[in-house]
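The file target-v7.txt comes next; it holds compact mmCIF, C-alpha atoms.
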```
# COMPACT_ATOMS: atom_id res chain seq x y z
CA MET M 1 -38.71 -25.00 12.08
CA ARG M 2 -42.32 -23.91 11.52
CA TYR M 3 -43.39 -27.55 11.19
CA ILE M 4 -41.72 -28.48 14.49
CA ALA M 5 -42.95 -25.39 16.34
CA GLY M 6 -46.51 -26.15 15.22
CA SER M 7 -46.75 -29.08 17.64
CA SER M 8 -45.77 -29.18 21.31
CA VAL M 9 -45.24 -32.95 20.98
CA ARG M 10 -42.73 -32.49 18.15
CA VAL M 11 -40.96 -29.80 20.16
CA GLN M 12 -40.74 -32.16 23.15
CA ILE M 13 -39.36 -34.95 20.96
CA LEU M 14 -36.63 -32.78 19.46
CA VAL M 15 -35.63 -31.32 22.83
CA CYS M 16 -35.36 -34.85 24.29
CA LEU M 17 -33.46 -36.30 21.34
CA GLY M 18 -31.20 -33.26 21.35
CA LYS M 19 -29.76 -34.67 24.59
CA GLY M 20 -29.05 -38.06 22.98
CA SER M 21 -30.69 -41.22 21.62
CA LYS M 22 -33.79 -42.44 23.47
CA THR M 23 -35.96 -45.54 23.57
CA MET M 24 -39.73 -45.24 23.33
CA SER M 25 -39.94 -45.88 27.07
CA GLU M 26 -37.50 -43.04 27.78
CA LEU M 27 -39.40 -40.68 25.49
CA ARG M 28 -42.68 -41.54 27.23
CA SER M 29 -41.10 -40.87 30.61
CA GLU M 30 -39.55 -37.55 29.63
CA THR M 31 -42.43 -36.12 27.60
CA GLY M 32 -45.42 -37.57 29.42
CA GLN M 33 -46.93 -38.50 26.04
CA SER M 34 -48.45 -41.85 25.05
CA SER M 35 -46.65 -44.34 22.79
CA SER M 36 -49.25 -43.90 20.04
CA THR M 37 -48.86 -40.10 20.04
CA LEU M 38 -45.07 -40.36 19.98
CA SER M 39 -45.07 -43.05 17.27
CA HIS M 40 -47.29 -40.97 14.99
CA ASN M 41 -45.06 -37.90 15.32
CA LEU M 42 -41.80 -39.87 15.08
CA SER M 43 -43.04 -41.49 11.86
CA ASN M 44 -43.68 -38.05 10.33
CA LEU M 45 -40.34 -36.71 11.59
CA GLU M 46 -38.54 -39.69 10.05
CA LYS M 47 -40.25 -39.07 6.70
CA LYS M 48 -38.88 -35.53 6.82
CA LYS M 49 -35.36 -36.89 7.59
CA ILE M 50 -35.35 -35.19 11.00
CA THR M 51 -35.21 -38.35 13.14
CA THR M 52 -34.09 -41.90 12.55
CA LYS M 53 -34.46 -45.24 14.35
CA ASN M 54 -31.70 -47.76 14.98
CA GLU M 55 -32.98 -50.94 16.62
CA GLU M 56 -34.90 -49.74 19.69
CA LYS M 57 -33.47 -46.21 19.89
CA TYR M 58 -34.58 -43.00 18.22
CA SER M 59 -32.10 -40.24 17.43
CA LEU M 60 -31.74 -37.07 15.41
CA THR M 61 -30.26 -37.03 11.95
CA SER M 62 -27.58 -34.44 11.17
CA PHE M 63 -30.34 -32.30 9.69
CA GLY M 64 -32.41 -32.84 12.83
CA LYS M 65 -29.54 -31.75 15.07
CA ILE M 66 -29.36 -28.40 13.24
CA ILE M 67 -33.08 -27.89 13.76
CA SER M 68 -32.91 -29.00 17.40
CA ILE M 69 -30.09 -26.61 18.32
CA ASN M 70 -31.86 -23.65 16.75
CA LEU M 71 -35.19 -24.69 18.22
CA VAL M 72 -33.74 -24.83 21.74
CA GLU M 73 -32.16 -21.40 21.26
CA ASP M 74 -35.51 -19.98 20.13
CA ILE M 75 -37.24 -21.50 23.16
CA LYS M 76 -34.62 -20.06 25.53
CA THR M 77 -34.80 -16.64 23.86
CA ASN M 78 -38.59 -16.51 24.06
CA ALA M 79 -38.44 -17.63 27.69
CA ALA M 80 -35.90 -14.93 28.64
CA ILE M 81 -37.84 -12.21 26.83
CA SER M 82 -41.24 -13.06 28.32
CA LYS M 83 -40.01 -14.05 31.79
CA PHE M 84 -38.07 -10.82 32.34
CA ARG M 85 -40.22 -8.44 30.31
CA ARG M 86 -40.33 -6.00 33.24
CA LEU M 87 -36.55 -5.70 33.07
CA TRP M 88 -36.27 -5.16 29.31
CA ILE M 89 -39.18 -2.73 28.97
CA ASN M 90 -38.22 0.96 29.41
CA HIS M 91 -34.58 0.12 30.17
CA ASP M 92 -31.42 1.04 28.27
CA LEU M 93 -29.85 -1.99 26.52
CA SER M 94 -27.32 0.00 24.50
CA SER M 95 -24.34 -1.34 26.51
CA ILE M 96 -25.13 -4.95 25.57
CA PRO M 97 -23.53 -5.70 22.16
CA PRO M 98 -25.72 -7.19 19.40
CA GLU M 99 -24.01 -10.60 19.55
CA LEU M 100 -24.95 -10.94 23.23
CA LEU M 101 -28.47 -9.57 22.70
CA ARG M 102 -28.91 -12.37 20.18
CA ARG M 103 -27.94 -14.79 22.96
CA ILE M 104 -30.24 -13.26 25.58
CA GLY M 105 -31.75 -16.74 25.88
CA ASP M 106 -28.66 -17.71 27.91
CA LEU M 107 -30.26 -15.75 30.76
CA HIS M 108 -33.53 -17.71 30.74
CA ASN M 109 -32.62 -19.70 33.84
CA SER M 110 -32.26 -16.61 36.06
CA THR M 111 -34.23 -14.89 38.80
CA LEU M 112 -35.36 -11.26 38.81
CA ILE M 113 -34.91 -9.83 42.31
CA GLU M 114 -37.16 -6.82 42.88
CA ALA M 115 -37.41 -4.41 45.78
CA GLU M 116 -40.70 -4.76 47.60
CA SER M 117 -42.56 -2.83 50.27
CA GLY M 118 -40.74 -3.62 53.51
CA GLU M 119 -37.82 -5.15 51.61
CA ILE M 120 -36.40 -2.20 49.68
CA PHE M 121 -32.85 -3.52 50.05
CA LYS M 122 -33.66 -6.97 48.68
CA PRO M 123 -31.57 -6.57 45.46
CA GLN M 124 -28.62 -5.14 47.43
CA ASP M 125 -28.78 -7.98 49.99
CA ALA M 126 -28.74 -10.57 47.18
CA TYR M 127 -25.76 -8.78 45.63
CA GLU M 128 -23.79 -8.81 48.91
CA LYS M 129 -24.42 -12.56 49.24
CA ILE M 130 -22.98 -13.12 45.78
CA LEU M 131 -19.79 -11.23 46.67
CA THR M 132 -19.19 -13.13 49.88
CA GLU M 133 -19.53 -16.53 48.17
CA SER M 134 -17.18 -15.83 45.25
CA GLU M 135 -13.57 -16.77 44.52
CA TYR M 136 -13.16 -14.10 41.84
CA ILE M 137 -15.19 -11.04 40.92
CA LYS M 138 -15.38 -9.13 37.64
CA GLY M 139 -17.63 -6.15 37.37
CA ILE M 140 -18.63 -2.90 35.76
CA SER M 141 -19.91 -0.07 37.90
CA PRO M 142 -21.05 3.33 36.64
CA ILE M 143 -22.80 3.87 40.02
CA PHE M 144 -21.31 4.64 43.43
CA ARG M 145 -22.30 3.35 46.85
CA PHE M 146 -20.22 4.00 49.97
CA ASN M 147 -20.84 0.50 51.37
CA TYR M 148 -19.22 -1.02 48.26
CA ILE M 149 -15.78 0.06 49.53
CA ASP M 150 -16.19 -1.94 52.75
CA MET M 151 -17.74 -4.91 50.94
CA TYR M 152 -14.93 -5.19 48.43
CA GLN M 153 -12.27 -4.70 51.10
CA LYS M 154 -13.68 -7.67 53.03
CA VAL M 155 -13.75 -10.04 50.06
CA ILE M 156 -10.25 -9.00 48.92
CA GLU M 157 -8.86 -9.57 52.42
CA LYS M 158 -10.14 -13.16 52.36
CA GLY M 159 -8.33 -13.82 49.05
CA THR M 160 -10.93 -13.05 46.39
CA LYS M 161 -9.44 -11.63 43.19
CA VAL M 162 -11.25 -8.57 41.85
CA GLU M 163 -11.30 -6.93 38.42
CA LEU M 164 -13.39 -3.76 38.09
CA ILE M 165 -14.21 -1.48 35.19
CA LEU M 166 -15.25 1.96 36.43
CA THR M 167 -16.21 5.21 34.79
CA GLN M 168 -13.89 8.15 35.49
CA ASP M 169 -16.59 9.76 37.61
CA ILE M 170 -16.82 6.67 39.83
CA VAL M 171 -13.04 6.48 40.11
CA ASN M 172 -13.02 10.07 41.36
CA GLN M 173 -15.82 9.42 43.86
CA THR M 174 -14.15 6.23 45.08
CA MET M 175 -10.79 7.92 45.60
CA ASP M 176 -12.49 10.74 47.49
CA GLY M 177 -14.41 8.28 49.65
CA ILE M 178 -11.56 6.14 51.01
CA SER M 179 -9.30 6.91 53.93
CA SER M 180 -5.50 7.02 53.76
CA GLU M 181 -5.39 3.65 55.53
CA GLU M 182 -7.77 2.13 52.99
CA MET M 183 -5.66 3.63 50.21
CA GLU M 184 -2.58 1.82 51.55
CA TYR M 185 -4.59 -1.40 51.71
CA LEU M 186 -5.65 -0.88 48.10
CA LYS M 187 -2.10 -0.18 46.89
CA SER M 188 -0.90 -3.32 48.66
CA PHE M 189 -3.54 -5.52 47.02
CA ILE M 190 -2.88 -3.97 43.61
CA SER M 191 0.83 -4.73 43.96
CA GLN M 192 -0.10 -8.35 44.71
CA GLU M 193 -2.38 -8.36 41.63
CA MET M 194 -5.37 -9.15 43.83
CA VAL M 195 -7.13 -6.07 42.43
CA LYS M 196 -7.12 -4.68 38.89
CA PHE M 197 -8.90 -1.58 37.64
CA TRP M 198 -9.88 -0.30 34.22
CA VAL M 199 -11.49 3.00 33.30
CA ILE M 200 -14.15 3.43 30.63
CA PRO M 201 -15.61 6.78 29.46
CA GLU M 202 -19.28 5.88 29.79
CA VAL M 203 -21.37 2.75 30.16
CA LYS M 204 -25.10 2.26 30.78
CA ILE M 205 -25.06 -1.06 32.57
CA ALA M 206 -23.97 -2.35 35.98
CA PHE M 207 -23.12 -6.01 36.41
CA THR M 208 -20.92 -8.43 38.31
CA VAL M 209 -19.86 -11.89 37.19
CA THR M 210 -18.11 -14.34 39.47
CA ASP M 211 -17.06 -17.98 39.39
CA LYS M 212 -20.63 -18.87 40.44
CA TYR M 213 -22.99 -16.01 39.68
CA LEU M 214 -24.11 -13.26 37.36
CA SER M 215 -25.74 -10.10 38.74
CA LEU M 216 -27.13 -7.70 36.12
CA GLY M 217 -28.69 -4.26 36.61
CA LEU M 218 -29.86 -1.74 34.02
CA PHE M 219 -30.44 1.97 33.63
CA ARG M 220 -33.87 3.30 32.79
CA GLU M 221 -34.32 4.96 29.40
CA GLN M 222 -34.60 8.30 31.23
CA GLY M 223 -30.96 7.92 32.31
CA ASP M 224 -31.18 6.95 36.00
CA TYR M 225 -30.06 3.58 37.37
CA ASP M 226 -32.85 1.22 38.45
CA ASN M 227 -31.91 0.16 42.00
CA ASN M 228 -35.11 -1.86 42.32
CA LYS M 229 -34.33 -4.68 39.90
CA ASP M 230 -31.41 -7.09 39.69
CA LEU M 231 -31.18 -10.19 37.51
CA ILE M 232 -29.39 -12.99 39.37
CA SER M 233 -28.28 -16.34 37.99
CA ASP M 234 -26.02 -19.24 38.94
CA ASP M 235 -26.63 -20.96 35.59
CA TYR M 236 -23.49 -21.87 33.62
CA ASP M 237 -24.74 -20.27 30.38
CA ALA M 238 -25.61 -17.02 32.18
CA VAL M 239 -22.19 -16.85 33.88
CA THR M 240 -20.49 -17.50 30.54
CA TRP M 241 -22.62 -14.75 28.96
CA GLY M 242 -21.57 -12.39 31.77
CA ASN M 243 -17.88 -13.18 31.28
CA GLN M 244 -18.18 -12.38 27.60
CA LEU M 245 -19.95 -9.09 28.38
CA PHE M 246 -17.12 -8.18 30.76
CA LYS M 247 -14.52 -9.05 28.12
CA TYR M 248 -16.35 -6.88 25.56
CA HIS M 249 -16.19 -3.80 27.79
CA LYS M 250 -12.68 -4.57 29.07
CA ASN M 251 -11.42 -4.42 25.46
CA GLN M 252 -12.71 -0.83 25.30
CA ALA M 253 -11.34 0.24 28.69
CA LYS M 254 -7.91 1.50 29.76
CA PRO M 255 -5.92 0.09 32.71
CA PHE M 256 -5.92 2.30 35.80
CA THR M 257 -3.09 2.49 38.32
CA LEU M 258 -2.71 4.51 41.49
```

Write out the structure in this file as structure tokens.
Amino acid sequence: MRYIAGSSVRVQILVCLGKGSKTMSELRSETGQSSSTLSHNLSNLEKKKITTKNEEKYSLTSFGKIISINLVEDIKTNAAISKFRRLWINHDLSSIPPELLRRIGDLHNSTLIEAESGEIFKPQDAYEKILTESEYIKGISPIFRFNYIDMYQKVIEKGTKVELILTQDIVNQTMDGISSEEMEYLKSFISQEMVKFWVIPEVKIAFTVTDKYLSLGLFREQGDYDNNKDLISDDYDAVTWGNQLFKYHKNQAKPFTL
């Protein structure tokens, strides 16, 4: 791994060949490197039993595939850590289990939405857009906003299935904040299994995962929720990561019924 990481050309070769066998022409096109540079590095990689050549195509050996997979994971992890440093620094990550922290690279192809002067509701606007475009919604919310009740009612009415994990405090605030008419709506949708609730004692993360998106927000280390930052992604790996995070917390929660 150190040998590969010591050269950007070797890294490019392994990333390319990790997608499948390539000709020299294809490697030149994908890496932007000259034939002589590629040939020199491929010769050394073949001596180390990392690559092999069959007729006109280069490919990874079994040993090379192991290195390539781990190399790509390292690249993704480093990218996610450096790209979203402002999100990780001074924020509470205790509600993300170690196995998913190890796969934080799955979030590398995401966008950090931040509130700006004149656009303080930018993260909330992005979140609303995610809800309206989704066929199912799974989420954890230890924070309460009155407009969430209306937002979720609208998406449920159009046929979106919703699963929510709430803290007991948020359950209490939600029940206090809805009208008797909204309560009847809610009971009706629960009976149709359009809405499912779970209750969890405490959690220090707020996120929503849908069929298309992941939206992730964190608490500051001081204990307050950071409304100014939201990590958004429509990448398959990020959505899969979000589904696994939801499953992790769901296994620790208890079903809630009205």

CA of Ser141 (chain M) and CA of Leu166 (chain M), how far apart in Å? 5.3 Å

Residues near Gln12 (chain M), cut-off 10 Å, only C-alpha atoms, skip fewer than 4 positions along chain, as a ChimeraX atom specification: /M:4-5,7-8,16-18,27,30-33,38

Selected residue of minimal separation from Glu202 (chain M) among M:Met151, M:Ala80, M:Ile140, M:Ile89, counting only C-alpha atoms: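 Ranking M:Met151, M:Ala80, M:Ile140, M:Ile89 by distance to Glu202 (chain M), first place goes to M:Ile140.
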
Which residues are close to Arg102 (chain M), i.e. within 12 Å by only C-alpha atoms, leaving aside same-chain residues fewer than 2 positions away? Reply as an NGL selection string. :M and (73-74 or 76-78 or 80-81 or 96-100 or 104-107 or 241)

Using 12 Å as the limit and counting all atoms listed in the file, can you tabulate each residue of region 176-223 of chain M that touches region 122-129 of chain M, with its shortest atom-to-atom distance in Å and the two atoms involved, as JSON lines?
```
{"residue": "M:Ala206", "atom": "CA", "partner": "M:Tyr127", "partner_atom": "CA", "distance": 11.7}
{"residue": "M:Phe207", "atom": "CA", "partner": "M:Tyr127", "partner_atom": "CA", "distance": 10.0}
{"residue": "M:Thr208", "atom": "CA", "partner": "M:Tyr127", "partner_atom": "CA", "distance": 8.8}
{"residue": "M:Val209", "atom": "CA", "partner": "M:Tyr127", "partner_atom": "CA", "distance": 10.8}
{"residue": "M:Thr210", "atom": "CA", "partner": "M:Tyr127", "partner_atom": "CA", "distance": 11.3}
{"residue": "M:Lys212", "atom": "CA", "partner": "M:Lys129", "partner_atom": "CA", "distance": 11.5}
{"residue": "M:Tyr213", "atom": "CA", "partner": "M:Tyr127", "partner_atom": "CA", "distance": 9.8}
{"residue": "M:Leu214", "atom": "CA", "partner": "M:Tyr127", "partner_atom": "CA", "distance": 9.5}
{"residue": "M:Ser215", "atom": "CA", "partner": "M:Tyr127", "partner_atom": "CA", "distance": 7.0}
{"residue": "M:Leu216", "atom": "CA", "partner": "M:Tyr127", "partner_atom": "CA", "distance": 9.7}
{"residue": "M:Gly217", "atom": "CA", "partner": "M:Pro123", "partner_atom": "CA", "distance": 9.6}
```

Using CA of Glu193 (chain M) and CA of Lys158 (chain M) as the two end points, give the distance in Å to one decimal.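 That distance, rounded to one decimal, is 14.1 Å.
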
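Nearest-residue note for Asp234 (chain M): choosing from M:Lys138, M:Ile156, M:Thr174, M:Thr111, the minimum distance belongs to M:Thr111, counting all atoms listed in the file.
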
Which of M:Pro255, M:Gly6, M:Gly159, M:Pro201 sits closest to Ile137 (chain M) [using all atoms listed in the file]: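 With all atoms listed in the file as the atom set, the closest residue is M:Gly159.
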
Ranking M:Gln222, M:Lys196, M:Ile232, M:Met1 by minimum distance to Ile66 (chain M) and counting only C-alpha atoms, which one comes first? M:Met1

Between M:Asn54, M:Ser110, M:Thr37, M:Asn251, which has the minimum distance to Ala238 (chain M) (counting all atoms listed in the file)?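 Counting all atoms listed in the file, the residue closest to Ala238 (chain M) is M:Ser110.
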
Find the residues near Asn41 (chain M): any atom within 9 Å, counting all atoms listed in the file, skip ones fewer than 4 places away on the same chain, and give them as a PDB file with C-alpha atoms, keeping the file's coordinate frame.
```pdb
ATOM      1  CA  VAL M   9     -45.240 -32.950  20.980  1.00  0.00           C
ATOM      2  CA  ARG M  10     -42.730 -32.490  18.150  1.00  0.00           C
ATOM      3  CA  ILE M  13     -39.360 -34.950  20.960  1.00  0.00           C
ATOM      4  CA  SER M  36     -49.250 -43.900  20.040  1.00  0.00           C
ATOM      5  CA  THR M  37     -48.860 -40.100  20.040  1.00  0.00           C
ATOM      6  CA  LEU M  45     -40.340 -36.710  11.590  1.00  0.00           C
ATOM      7  CA  GLU M  46     -38.540 -39.690  10.050  1.00  0.00           C
TER       8      GLU M  46
END
```
